[in-house]
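What follows is a set of notes on a single structure, which appears directly below.
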Amino acid sequence: MTTEELAELFLAHLYELADEAPHPNFLFSVNDFAPKLGLTDREELQKAINYLGDRGFIILASFDMFGGISTGITIEGSIFVEKGGETGIIEQYRKIPQSFVRTPSESPPPAMDRERSEAVNEEKQSPFFARCSVEAILKDIEDVLERDDTVAAEAKKDLLSDLATLKIQMERNVKNRQIINVVLDNLLSIPSIAPLVTGLNCIVEAYFR
């Protein structure tokens with residue numbers, strides 16, 4: 001399976017998980033569902049994740065010290081899946097999803113030595129990729145906020161202004177954490193974007209101290 005096919009299979013399953021989630025911006029642990037699809041090769045999986053992240057189809061909310069990733073699908077990613085993707089794997093998955101789902105006994109995760117694990121984690125924790133994730137999350141926050149009819153027009157205007165301030169801060173070499181924290185707190189008060197803001201805060205804490 002090519003990187004593109006692997007990425008589209010990953011995205012199609014993520015789309016289904018998001019469709020069943022309690023809210024549209026729910027985040028999922030890759031370590032929990034990737035093995036069920038036979039996605040146990042960490043390096044190949046990381047290439048697929050990078051591919052999806054570069055195209056703005058997913059957001060990566062956090063990386064833990066054990067290589068765990070929390071991810072969510074973006075609006076662009078959902079549209080891509082709904083259009084059927086580009087490789088044909090999404091259509092195959094939709095027709096016979098059970099052919100791609102494996103039990104743990106069928107796909108035991110391969111052992112990884114310490115050096116390989118550390119190398120993969122270093123690749124995941126690239127500041128460049130973190131910045132790409134931040135940009136994708138900020139765009140999603142703006143899209144969701146603009147469509148949220150539960151927020152009063154004046155309040156929405158103020159929140160979008162806060163978001164613009166946050167974008168400027170994240171683009172600076174020297175960031176004012178006090179301003180960033182205040183803006184994030186304001187955005188967290190809106191239920192529709194709170195999960196995205198939480199994910200954004202995880203990345204800020206991990207990579208932009």
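In the structure tokens, chains take the letters A, B, ... in the order shown, each chain's residues start at 1, and ligands count up from 1 in the order shown.
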
Practice item. Write out as a list in words the residues lying within 12 Å of segment 169-179 of chain A, counting only C-alpha atoms and excluding same-chain residues fewer than 2 positions away. Key: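 Skipping anything fewer than 2 positions along the chain leaves Ala130, Arg131, Cys132, Ser133, Val134, Glu135, Ile137, Leu138, Asp162, Leu163, Ala164, Thr165, Leu166, Lys167, Asn181, Val182, Val183, Leu184, Asp185, Asn186, Leu200, Asn201, Ile203, Val204, Glu205, Tyr207, Phe208 and Arg209 of chain A.
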
Review point. Looking at A:Thr71, A:Leu11, A:Gly84, A:Leu17, which one is nearest to Cys202 of chain A, with distances taken over only C-alpha atoms?
Key: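 Distance minimum relative to Cys202 of chain A lands on A:Thr71.
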
Exercise for review: Work out how far apart atom CA of Ile59 of chain A and atom CA of Leu14 of chain A are and give it in Å to one decimal.
Suggested key: 11.3 Å

Practice item. Excluding segment 92-95 of chain A and residues on its chain fewer than 5 positions from it, collect all residues at most 8 Å away from it, counting only C-alpha atoms, and give them as a list in words. Key: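 In the requested form, the answer reads Leu9, Ala12 and Phe100 of chain A.
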
Check your understanding: Closest to Gly88 of chain A among A:Thr2, A:Ser192, A:Thr198, A:Gln46, using only C-alpha atoms?
Key ->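 When distances to Gly88 of chain A are compared using only C-alpha atoms, the smallest one comes from A:Thr2.
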
Review point. Could you work out how far atom CA of Leu37 of chain A lies from atom CA of Ile96 of chain A, giving the answer in Å with one decimal?
Key: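 Answer for the atom CA of Ile96 of chain A to atom CA of Leu37 of chain A separation: 12.7 Å.
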
Check your understanding: Nearest to Ile90 of chain A among A:Leu160, A:Leu6, A:Leu196, A:Leu39, with distances taken over only C-alpha atoms: which residue is it?
Key ->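 Going through A:Leu160, A:Leu6, A:Leu196, A:Leu39 one by one, the smallest distance to Ile90 of chain A is for A:Leu6.
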
Practice item. For atom CA of Ala7 of chain A and atom CA of Gly199 of chain A, determine how far apart the two atoms are, in Å to one decimal place. Key: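 Distance between the two atoms: 21.2 Å.
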
Practice item. Considering only C-alpha atoms, state which residue in the set A:Ile180, A:Ile49, A:Ala152, A:Ile58 is at the smallest distance from Ala136 of chain A. Key: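 Once distances to Ala136 of chain A are computed over only C-alpha atoms, the minimum belongs to A:Ile58.
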
Check your understanding: For Gly85 of chain A, which of A:Ile193, A:Ala18, A:Glu5, A:Thr150 is the closest residue, counting only C-alpha atoms?
Key ->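 Distance minimum relative to Gly85 of chain A lands on A:Glu5.
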